[in-house]
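Structure below is start.pdb: PDB, C-alpha atoms and all ligand atoms.
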```pdb
ATOM      1  CA  MET N   1       0.000   0.000   0.000  1.00  0.00           C
ATOM      2  CA  THR N   2       2.738   2.431   1.050  1.00  0.00           C
ATOM      3  CA  GLN N   3       4.838   1.557  -2.023  1.00  0.00           C
ATOM      4  CA  ILE N   4       1.974   2.534  -4.331  1.00  0.00           C
ATOM      5  CA  SER N   5       0.639   5.631  -2.578  1.00  0.00           C
ATOM      6  CA  VAL N   6       3.913   7.488  -2.003  1.00  0.00           C
ATOM      7  CA  PRO N   7       4.825   7.837  -5.733  1.00  0.00           C
ATOM      8  CA  VAL N   8       1.211   8.817  -6.503  1.00  0.00           C
ATOM      9  CA  VAL N   9       1.302  11.601  -3.938  1.00  0.00           C
ATOM     10  CA  ARG N  10       4.700  12.712  -5.262  1.00  0.00           C
ATOM     11  CA  ASN N  11       3.345  12.849  -8.833  1.00  0.00           C
ATOM     12  CA  ILE N  12       0.358  14.927  -7.745  1.00  0.00           C
ATOM     13  CA  LEU N  13       2.608  17.395  -5.943  1.00  0.00           C
ATOM     14  CA  GLN N  14       4.990  17.612  -8.913  1.00  0.00           C
ATOM     15  CA  ALA N  15       2.106  18.270 -11.320  1.00  0.00           C
ATOM     16  CA  ASN N  16       0.841  20.935  -8.942  1.00  0.00           C
ATOM     17  CA  GLU N  17       4.292  22.566  -8.828  1.00  0.00           C
ATOM     18  CA  ARG N  18       4.256  22.925 -12.627  1.00  0.00           C
ATOM     19  CA  LEU N  19       0.831  24.586 -12.560  1.00  0.00           C
ATOM     20  CA  ALA N  20       1.873  26.856  -9.697  1.00  0.00           C
ATOM     21  CA  ALA N  21       4.977  27.905 -11.666  1.00  0.00           C
ATOM     22  CA  ALA N  22       2.806  28.752 -14.688  1.00  0.00           C
ATOM     23  CA  ASN N  23       0.463  30.790 -12.486  1.00  0.00           C
ATOM     24  CA  ARG N  24       3.428  32.629 -10.984  1.00  0.00           C
ATOM     25  CA  LYS N  25       4.758  33.490 -14.435  1.00  0.00           C
ATOM     26  CA  ARG N  26       1.388  34.969 -15.459  1.00  0.00           C
ATOM     27  CA  LEU N  27       1.355  37.044 -12.274  1.00  0.00           C
ATOM     28  CA  GLU N  28       4.952  38.206 -12.759  1.00  0.00           C
ATOM     29  CA  ASP N  29       4.291  39.145 -16.392  1.00  0.00           C
ATOM     30  CA  ALA N  30       1.338  41.262 -15.279  1.00  0.00           C
ATOM     31  CA  GLY N  31       3.202  42.839 -12.332  1.00  0.00           C
ATOM     32  CA  ILE N  32       0.702  41.406  -9.829  1.00  0.00           C
ATOM     33  CA  TYR N  33       1.688  40.542  -6.277  1.00  0.00           C
ATOM     34  CA  ALA N  34      -0.219  37.509  -4.909  1.00  0.00           C
ATOM     35  CA  VAL N  35      -0.747  36.092  -1.444  1.00  0.00           C
ATOM     36  CA  ASN N  36      -2.293  32.826  -0.279  1.00  0.00           C
ATOM     37  CA  LEU N  37      -4.316  33.392   2.891  1.00  0.00           C
ATOM     38  CA  MET N  38      -4.633  30.298   5.080  1.00  0.00           C
ATOM     39  CA  SER N  39      -6.119  29.444   8.489  1.00  0.00           C
ATOM     40  CA  SER N  40      -8.463  27.136  10.342  1.00  0.00           C
ATOM     41  CA  PRO N  41     -12.169  27.665   9.602  1.00  0.00           C
ATOM     42  CA  GLY N  42     -13.365  30.924  11.130  1.00  0.00           C
ATOM     43  CA  ALA N  43     -10.003  32.416  12.170  1.00  0.00           C
ATOM     44  CA  GLY N  44     -10.856  35.597  10.266  1.00  0.00           C
ATOM     45  CA  LYS N  45      -9.630  35.320   6.641  1.00  0.00           C
ATOM     46  CA  THR N  46     -12.651  37.012   5.060  1.00  0.00           C
ATOM     47  CA  SER N  47     -12.808  39.577   7.876  1.00  0.00           C
ATOM     48  CA  LEU N  48      -9.171  40.467   7.202  1.00  0.00           C
ATOM     49  CA  LEU N  49      -9.953  40.812   3.497  1.00  0.00           C
ATOM     50  CA  GLU N  50     -12.871  43.135   4.248  1.00  0.00           C
ATOM     51  CA  ARG N  51     -10.654  45.326   6.435  1.00  0.00           C
ATOM     52  CA  THR N  52      -7.880  45.277   3.834  1.00  0.00           C
ATOM     53  CA  ILE N  53     -10.261  46.322   1.059  1.00  0.00           C
ATOM     54  CA  GLU N  54     -11.662  49.143   3.220  1.00  0.00           C
ATOM     55  CA  HIS N  55      -8.148  50.441   3.897  1.00  0.00           C
ATOM     56  CA  LEU N  56      -6.255  49.823   0.640  1.00  0.00           C
ATOM     57  CA  GLY N  57      -9.051  49.419  -1.913  1.00  0.00           C
ATOM     58  CA  GLY N  58      -8.878  53.042  -3.003  1.00  0.00           C
ATOM     59  CA  ARG N  59      -5.136  52.907  -3.718  1.00  0.00           C
ATOM     60  CA  ILE N  60      -4.487  49.344  -4.873  1.00  0.00           C
ATOM     61  CA  ARG N  61      -6.297  47.533  -7.673  1.00  0.00           C
ATOM     62  CA  MET N  62      -7.120  44.156  -6.188  1.00  0.00           C
ATOM     63  CA  ALA N  63      -9.068  40.972  -6.834  1.00  0.00           C
ATOM     64  CA  VAL N  64      -9.885  37.994  -4.643  1.00  0.00           C
ATOM     65  CA  ILE N  65     -10.131  34.275  -5.350  1.00  0.00           C
ATOM     66  CA  GLU N  66     -12.298  32.585  -2.732  1.00  0.00           C
ATOM     67  CA  GLY N  67     -11.881  28.876  -1.958  1.00  0.00           C
ATOM     68  CA  ASP N  68     -14.694  27.113  -0.116  1.00  0.00           C
ATOM     69  CA  LEU N  69     -16.102  23.622   0.152  1.00  0.00           C
ATOM     70  CA  GLN N  70     -19.590  24.897  -0.670  1.00  0.00           C
ATOM     71  CA  THR N  71     -21.396  28.231  -1.072  1.00  0.00           C
ATOM     72  CA  SER N  72     -20.317  31.583  -2.463  1.00  0.00           C
ATOM     73  CA  GLN N  73     -20.968  33.515   0.766  1.00  0.00           C
ATOM     74  CA  ASP N  74     -17.398  34.777   1.160  1.00  0.00           C
ATOM     75  CA  ALA N  75     -17.192  35.897  -2.492  1.00  0.00           C
ATOM     76  CA  GLU N  76     -20.457  37.805  -1.994  1.00  0.00           C
ATOM     77  CA  ARG N  77     -19.012  39.505   1.114  1.00  0.00           C
ATOM     78  CA  ILE N  78     -16.039  40.657  -0.986  1.00  0.00           C
ATOM     79  CA  GLN N  79     -18.131  41.738  -3.984  1.00  0.00           C
ATOM     80  CA  SER N  80     -20.324  43.830  -1.697  1.00  0.00           C
ATOM     81  CA  LYS N  81     -17.165  45.851  -0.939  1.00  0.00           C
ATOM     82  CA  GLY N  82     -16.780  46.603  -4.642  1.00  0.00           C
ATOM     83  CA  VAL N  83     -13.913  44.216  -5.364  1.00  0.00           C
ATOM     84  CA  GLN N  84     -13.866  41.550  -8.069  1.00  0.00           C
ATOM     85  CA  ALA N  85     -14.153  38.075  -6.485  1.00  0.00           C
ATOM     86  CA  VAL N  86     -14.120  34.633  -8.096  1.00  0.00           C
ATOM     87  CA  GLN N  87     -15.486  31.682  -6.150  1.00  0.00           C
ATOM     88  CA  ILE N  88     -13.947  28.216  -6.336  1.00  0.00           C
ATOM     89  CA  ASN N  89     -16.038  25.443  -4.758  1.00  0.00           C
ATOM     90  CA  THR N  90     -13.816  22.457  -4.039  1.00  0.00           C
ATOM     91  CA  ASP N  91     -16.806  20.067  -3.627  1.00  0.00           C
ATOM     92  CA  GLY N  92     -15.461  18.726  -0.357  1.00  0.00           C
ATOM     93  CA  GLY N  93     -11.755  19.149  -1.172  1.00  0.00           C
ATOM     94  CA  CYS N  94      -9.846  20.528   1.823  1.00  0.00           C
ATOM     95  CA  HIS N  95      -7.482  22.867  -0.058  1.00  0.00           C
ATOM     96  CA  LEU N  96      -7.013  24.810  -3.285  1.00  0.00           C
ATOM     97  CA  ASP N  97      -4.517  23.671  -5.918  1.00  0.00           C
ATOM     98  CA  GLY N  98      -2.664  25.209  -8.843  1.00  0.00           C
ATOM     99  CA  ASN N  99      -5.187  23.995 -11.410  1.00  0.00           C
ATOM    100  CA  MET N 100      -8.177  25.551  -9.616  1.00  0.00           C
ATOM    101  CA  VAL N 101      -6.372  28.875  -9.328  1.00  0.00           C
ATOM    102  CA  GLN N 102      -5.308  28.775 -12.984  1.00  0.00           C
ATOM    103  CA  ILE N 103      -8.966  28.416 -14.029  1.00  0.00           C
ATOM    104  CA  ALA N 104     -10.093  31.166 -11.630  1.00  0.00           C
ATOM    105  CA  MET N 105      -7.376  33.510 -12.963  1.00  0.00           C
ATOM    106  CA  ASP N 106      -8.818  33.099 -16.474  1.00  0.00           C
ATOM    107  CA  SER N 107     -11.886  35.052 -15.401  1.00  0.00           C
ATOM    108  CA  LEU N 108      -9.907  37.947 -13.896  1.00  0.00           C
ATOM    109  CA  ASP N 109      -8.806  41.056 -15.720  1.00  0.00           C
ATOM    110  CA  LEU N 110      -5.088  40.575 -14.970  1.00  0.00           C
ATOM    111  CA  GLY N 111      -4.059  43.600 -17.000  1.00  0.00           C
ATOM    112  CA  HIS N 112      -5.712  45.908 -14.479  1.00  0.00           C
ATOM    113  CA  LEU N 113      -4.595  44.441 -11.153  1.00  0.00           C
ATOM    114  CA  ASP N 114      -1.821  45.105  -8.617  1.00  0.00           C
ATOM    115  CA  LEU N 115      -2.782  42.556  -5.968  1.00  0.00           C
ATOM    116  CA  LEU N 116      -4.398  39.115  -5.979  1.00  0.00           C
ATOM    117  CA  ILE N 117      -5.471  37.654  -2.650  1.00  0.00           C
ATOM    118  CA  ILE N 118      -6.417  33.985  -2.585  1.00  0.00           C
ATOM    119  CA  GLU N 119      -8.465  32.904   0.430  1.00  0.00           C
ATOM    120  CA  ASN N 120      -7.808  29.208   0.857  1.00  0.00           C
ATOM    121  CA  VAL N 121     -10.220  26.647   2.313  1.00  0.00           C
ATOM    122  CA  GLY N 122     -10.390  26.833   6.116  1.00  0.00           C
ATOM    123  CA  ASN N 123      -7.926  24.139   7.214  1.00  0.00           C
ATOM    124  CA  LEU N 124      -4.698  24.425   9.198  1.00  0.00           C
ATOM    125  CA  VAL N 125      -2.961  21.474   7.516  1.00  0.00           C
ATOM    126  CA  CYS N 126      -3.518  20.665   3.811  1.00  0.00           C
ATOM    127  CA  PRO N 127      -3.400  24.121   2.140  1.00  0.00           C
ATOM    128  CA  ALA N 128       0.254  24.516   3.132  1.00  0.00           C
ATOM    129  CA  GLU N 129       1.235  21.525   0.971  1.00  0.00           C
ATOM    130  CA  PHE N 130      -0.022  23.001  -2.315  1.00  0.00           C
ATOM    131  CA  ASN N 131       1.644  26.010  -3.885  1.00  0.00           C
ATOM    132  CA  LEU N 132      -0.729  28.076  -6.005  1.00  0.00           C
ATOM    133  CA  GLY N 133       1.780  30.432  -7.646  1.00  0.00           C
ATOM    134  CA  GLU N 134       1.580  32.992  -4.849  1.00  0.00           C
ATOM    135  CA  HIS N 135       4.551  35.104  -3.794  1.00  0.00           C
ATOM    136  CA  ASP N 136       3.845  34.718  -0.080  1.00  0.00           C
ATOM    137  CA  LYS N 137       1.761  32.554   2.179  1.00  0.00           C
ATOM    138  CA  ILE N 138      -0.019  34.251   5.069  1.00  0.00           C
ATOM    139  CA  VAL N 139      -1.328  32.312   8.073  1.00  0.00           C
ATOM    140  CA  ILE N 140      -3.968  33.623  10.472  1.00  0.00           C
ATOM    141  CA  LEU N 141      -4.283  32.071  13.923  1.00  0.00           C
ATOM    142  CA  SER N 142      -7.042  33.390  16.166  1.00  0.00           C
ATOM    143  CA  VAL N 143      -6.405  33.485  19.893  1.00  0.00           C
ATOM    144  CA  THR N 144      -9.519  31.355  20.539  1.00  0.00           C
ATOM    145  CA  GLU N 145      -7.822  28.380  18.870  1.00  0.00           C
ATOM    146  CA  GLY N 146      -5.192  28.057  21.603  1.00  0.00           C
ATOM    147  CA  ASP N 147      -1.531  28.952  21.962  1.00  0.00           C
ATOM    148  CA  ASP N 148      -0.362  25.366  21.257  1.00  0.00           C
ATOM    149  CA  LYS N 149      -1.228  25.483  17.536  1.00  0.00           C
ATOM    150  CA  PRO N 150       2.172  26.451  16.048  1.00  0.00           C
ATOM    151  CA  SER N 151       3.872  23.470  17.698  1.00  0.00           C
ATOM    152  CA  LYS N 152       1.011  21.070  16.852  1.00  0.00           C
ATOM    153  CA  TYR N 153       0.558  22.195  13.221  1.00  0.00           C
ATOM    154  CA  PRO N 154       4.059  23.364  12.287  1.00  0.00           C
ATOM    155  CA  VAL N 155       4.043  23.148   8.482  1.00  0.00           C
ATOM    156  CA  MET N 156       1.798  26.134   7.817  1.00  0.00           C
ATOM    157  CA  PHE N 157       3.893  28.300  10.139  1.00  0.00           C
ATOM    158  CA  GLN N 158       7.129  27.100   8.498  1.00  0.00           C
ATOM    159  CA  GLN N 159       5.824  27.865   5.006  1.00  0.00           C
ATOM    160  CA  SER N 160       4.386  31.316   5.692  1.00  0.00           C
ATOM    161  CA  SER N 161       5.959  34.759   5.469  1.00  0.00           C
ATOM    162  CA  VAL N 162       3.474  36.414   7.838  1.00  0.00           C
ATOM    163  CA  LEU N 163       1.550  35.217  10.898  1.00  0.00           C
ATOM    164  CA  LEU N 164      -1.445  37.316  11.914  1.00  0.00           C
ATOM    165  CA  ILE N 165      -2.572  36.545  15.464  1.00  0.00           C
ATOM    166  CA  ASN N 166      -6.221  37.601  15.210  1.00  0.00           C
ATOM    167  CA  LYS N 167      -9.089  38.334  17.638  1.00  0.00           C
ATOM    168  CA  ILE N 168      -6.851  39.906  20.284  1.00  0.00           C
ATOM    169  CA  ASP N 169      -9.940  41.843  21.446  1.00  0.00           C
ATOM    170  CA  LEU N 170     -11.036  38.524  23.013  1.00  0.00           C
ATOM    171  CA  LEU N 171      -7.891  38.052  25.118  1.00  0.00           C
ATOM    172  CA  PRO N 172      -9.509  39.300  28.368  1.00  0.00           C
ATOM    173  CA  TYR N 173     -11.998  36.423  28.198  1.00  0.00           C
ATOM    174  CA  ILE N 174      -9.763  33.450  27.362  1.00  0.00           C
ATOM    175  CA  ASP N 175      -6.508  31.770  28.369  1.00  0.00           C
ATOM    176  CA  CYS N 176      -4.137  32.336  25.488  1.00  0.00           C
ATOM    177  CA  ASP N 177      -0.467  33.253  25.811  1.00  0.00           C
ATOM    178  CA  VAL N 178       0.293  35.414  22.756  1.00  0.00           C
ATOM    179  CA  GLU N 179       3.993  35.514  23.654  1.00  0.00           C
ATOM    180  CA  LYS N 180       4.088  31.703  23.537  1.00  0.00           C
ATOM    181  CA  ILE N 181       2.561  31.786  20.028  1.00  0.00           C
ATOM    182  CA  ARG N 182       5.207  34.313  18.982  1.00  0.00           C
ATOM    183  CA  ARG N 183       8.022  32.265  20.551  1.00  0.00           C
ATOM    184  CA  ASP N 184       6.962  28.896  19.130  1.00  0.00           C
ATOM    185  CA  ALA N 185       6.218  30.287  15.659  1.00  0.00           C
ATOM    186  CA  SER N 186       9.546  32.148  15.513  1.00  0.00           C
ATOM    187  CA  ARG N 187      11.366  28.990  16.555  1.00  0.00           C
ATOM    188  CA  LEU N 188       9.758  27.164  13.608  1.00  0.00           C
ATOM    189  CA  ASN N 189      10.464  29.969  11.159  1.00  0.00           C
ATOM    190  CA  ALA N 190      12.948  32.721  11.981  1.00  0.00           C
ATOM    191  CA  ARG N 191      11.855  34.786   8.928  1.00  0.00           C
ATOM    192  CA  LEU N 192       8.197  34.925   9.996  1.00  0.00           C
ATOM    193  CA  GLU N 193       6.784  38.443  10.458  1.00  0.00           C
ATOM    194  CA  ILE N 194       4.223  38.405  13.263  1.00  0.00           C
ATOM    195  CA  PHE N 195       1.432  40.940  13.765  1.00  0.00           C
ATOM    196  CA  ALA N 196      -1.116  40.729  16.596  1.00  0.00           C
ATOM    197  CA  VAL N 197      -4.398  42.165  15.316  1.00  0.00           C
ATOM    198  CA  SER N 198      -8.129  42.445  15.774  1.00  0.00           C
ATOM    199  CA  CYS N 199     -10.279  42.542  12.663  1.00  0.00           C
ATOM    200  CA  ARG N 200     -13.141  43.559  14.960  1.00  0.00           C
ATOM    201  CA  THR N 201     -11.545  46.712  16.466  1.00  0.00           C
ATOM    202  CA  GLY N 202      -8.839  47.332  13.841  1.00  0.00           C
ATOM    203  CA  GLU N 203      -6.064  47.192  16.454  1.00  0.00           C
ATOM    204  CA  GLY N 204      -2.668  46.268  14.993  1.00  0.00           C
ATOM    205  CA  LEU N 205      -3.826  46.196  11.371  1.00  0.00           C
ATOM    206  CA  GLU N 206      -1.714  49.186  10.270  1.00  0.00           C
ATOM    207  CA  ALA N 207       1.428  46.998  10.364  1.00  0.00           C
ATOM    208  CA  TRP N 208      -0.253  44.446   8.077  1.00  0.00           C
ATOM    209  CA  PHE N 209      -1.461  47.112   5.639  1.00  0.00           C
ATOM    210  CA  SER N 210       2.064  48.589   5.422  1.00  0.00           C
ATOM    211  CA  TRP N 211       3.662  45.193   4.891  1.00  0.00           C
ATOM    212  CA  LEU N 212       1.188  44.359   2.112  1.00  0.00           C
ATOM    213  CA  GLU N 213       1.450  47.714   0.380  1.00  0.00           C
ATOM    214  CA  LYS N 214       5.264  47.573   0.419  1.00  0.00           C
ATOM    215  CA  ASN N 215       5.183  44.171  -1.311  1.00  0.00           C
ATOM    216  CA  VAL N 216       2.631  45.311  -3.879  1.00  0.00           C
ATOM    217  CA  GLN N 217       4.853  48.284  -4.794  1.00  0.00           C
ATOM    218  CA  GLU N 218       7.940  46.054  -5.087  1.00  0.00           C
ATOM    219  CA  HIS N 219       6.230  43.725  -7.572  1.00  0.00           C
ATOM    220  CA  LYS N 220       4.611  46.411  -9.700  1.00  0.00           C
ATOM    221  CA  LYS N 221       5.880  46.804 -13.259  1.00  0.00           C
TER
HETATM  222  N1  LIG U   1     -14.131  39.084  18.262  1.00  0.00           N
HETATM  223  C1  LIG U   1     -13.631  38.968  17.043  1.00  0.00           C
HETATM  224  N2  LIG U   1     -14.280  38.283  16.090  1.00  0.00           N
HETATM  225  C2  LIG U   1     -13.737  38.204  14.856  1.00  0.00           C
HETATM  226  C3  LIG U   1     -12.506  38.831  14.539  1.00  0.00           C
HETATM  227  N3  LIG U   1     -12.216  38.549  13.242  1.00  0.00           N
HETATM  228  C4  LIG U   1     -13.220  37.807  12.780  1.00  0.00           C
HETATM  229  N4  LIG U   1     -14.147  37.586  13.745  1.00  0.00           N
HETATM  230  C5  LIG U   1     -15.399  36.819  13.648  1.00  0.00           C
HETATM  231  O1  LIG U   1     -15.070  35.447  13.437  1.00  0.00           O
HETATM  232  C6  LIG U   1     -16.042  34.822  12.604  1.00  0.00           C
HETATM  233  C7  LIG U   1     -15.365  34.161  11.414  1.00  0.00           C
HETATM  234  O2  LIG U   1     -14.759  35.170  10.618  1.00  0.00           O
HETATM  235  P1  LIG U   1     -14.472  34.972   9.069  1.00  0.00           P
HETATM  236  O3  LIG U   1     -13.752  36.183   8.621  1.00  0.00           O
HETATM  237  O4  LIG U   1     -15.703  34.568   8.344  1.00  0.00           O
HETATM  238  O5  LIG U   1     -13.486  33.726   9.125  1.00  0.00           O
HETATM  239  P2  LIG U   1     -12.874  32.872   7.913  1.00  0.00           P
HETATM  240  O6  LIG U   1     -11.502  32.458   8.312  1.00  0.00           O
HETATM  241  O7  LIG U   1     -13.011  33.617   6.646  1.00  0.00           O
HETATM  242  O8  LIG U   1     -13.854  31.605   7.926  1.00  0.00           O
HETATM  243  P3  LIG U   1     -13.953  30.429   6.796  1.00  0.00           P
HETATM  244  O9  LIG U   1     -13.902  31.089   5.449  1.00  0.00           O
HETATM  245  O10 LIG U   1     -15.281  29.790   7.084  1.00  0.00           O
HETATM  246  O11 LIG U   1     -12.803  29.493   7.047  1.00  0.00           O
HETATM  247  C8  LIG U   1     -17.029  35.917  12.204  1.00  0.00           C
HETATM  248  O12 LIG U   1     -18.147  35.850  13.062  1.00  0.00           O
HETATM  249  C9  LIG U   1     -16.244  37.206  12.438  1.00  0.00           C
HETATM  250  O13 LIG U   1     -17.065  38.312  12.731  1.00  0.00           O
HETATM  251  C10 LIG U   1     -11.831  39.570  15.560  1.00  0.00           C
HETATM  252  O14 LIG U   1     -10.753  40.133  15.398  1.00  0.00           O
HETATM  253  N5  LIG U   1     -12.446  39.596  16.797  1.00  0.00           N
HETATM  254 MG    MG U   2     -13.875  33.049   4.838  1.00  0.00          MG
END
```

Go ahead and express the file in the form of structure tokens.
Ligand SMILES: Nc1nc2c(ncn2[C@@H]2O[C@H](COP(=O)(O)OP(=O)(O)OP(=O)(O)O)[C@@H](O)[C@H]2O)c(=O)[nH]1
Ligand SMILES: [Mg+2]
Amino acid sequence: MTQISVPVVRNILQANERLAAANRKRLEDAGIYAVNLMSSPGAGKTSLLERTIEHLGGRIRMAVIEGDLQTSQDAERIQSKGVQAVQINTDGGCHLDGNMVQIAMDSLDLGHLDLLIIENVGNLVCPAEFNLGEHDKIVILSVTEGDDKPSKYPVMFQQSSVLLINKIDLLPYIDCDVEKIRRDASRLNARLEIFAVSCRTGEGLEAWFSWLEKNVQEHKK
């Protein structure tokens, strides 16, 4: 069983890498900076997007690809903010892959974009295994999930460029050691930029907006 399944998994990942590389080339050619936003279900991915659109939408031309098992609710939340959003329904699949993103990109006007944000399926494990062509992976961990998550689910933290610790407005009501999250995540990935934020109150989000805007400018043609 093991002898058969390991090469199959390797082939799938290699095929995905080729598609991700093609996606990246299209993005580079168009001068678009792209991020892959990942977290457990409900950590605040769409809320962060809404805040980001409110703050940067007037200055940066952006589009969103929304990955979900079912429904187009998140895409509708984004469209209601006046930003182009394409929904991918994975029909039960627990992550996006390069092929799905390639198809979604076909329906975007790439010639008139500076930033593409891909909201992955809510899942703290599988999305980290599949590159989509993005420049950076972003992980959101909300404080309600517990401060043990970086050590228990290390891959996503190792693969990401930014960790947003969200829902800090709830800290007075729960036991969560934000310093432990910072320590454990930094131990896994010394390059990780860490911002503690609240998408509810807006606290801490300025640092995220600046980081994102700097990267958009650097990738612009
Ligand atoms: N208190 C508090 N609630 C938040 C914060 N950010 C998001 N929420 C709430 O958390 C819930 C989930 O937020 P979403 O933004 O939909 O989370 P998501 O990661 O996009 O969820 P999925 O797409 O289903 O994986 C919503 O009820 C939000 O209002 C925050 O900073 N503080
Ligand atoms: Mg969402």

Evaluated on this file, the PyMOL selection byres (((chain N and resi 39) around 7) and not hetatm) picks out some residues - which ones are they, written as a tab-separated table (two decimals) with C-alpha atoms, in the frame of the given file?
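File written: expr-v6.tsv
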```tsv
chain	number	residue	atom	x	y	z
N	38	MET	CA	-4.63	30.30	5.08
N	40	SER	CA	-8.46	27.14	10.34
N	41	PRO	CA	-12.17	27.66	9.60
N	43	ALA	CA	-10.00	32.42	12.17
N	122	GLY	CA	-10.39	26.83	6.12
N	123	ASN	CA	-7.93	24.14	7.21
N	124	LEU	CA	-4.70	24.42	9.20
N	139	VAL	CA	-1.33	32.31	8.07
N	140	ILE	CA	-3.97	33.62	10.47
N	141	LEU	CA	-4.28	32.07	13.92
```

For Pro150 in chain N: contacts at 10 Å, all atoms listed in the file, fewer than 2 positions along chain excluded, given as number ranges by chain: N: 124, 141, 146-148, 152-158, 180-188

Which residues are near Gln102 in chain N? Cut-off 10 Å, all atoms listed in the file, ignore same chain within fewer than 5 positions. Put them as JSON, numbers by chain. {"N": [19, 20, 22, 23, 24, 26, 97, 107, 132, 133]}

When distances are computed from all atoms listed in the file, which of N:Asn16, N:Ser160, N:Ser80, N:Ser210 shows the smallest separation from Glu193 in chain N?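 Counting all atoms listed in the file, the residue closest to Glu193 in chain N is N:Ser160.
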
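Residues in contact with Glu28 in chain N at up to 9 Å, not including ones fewer than 5 positions away on its chain and judged by all atoms listed in the file, are Asn23, Tyr33, His219, Lys220 and Lys221 of chain N.
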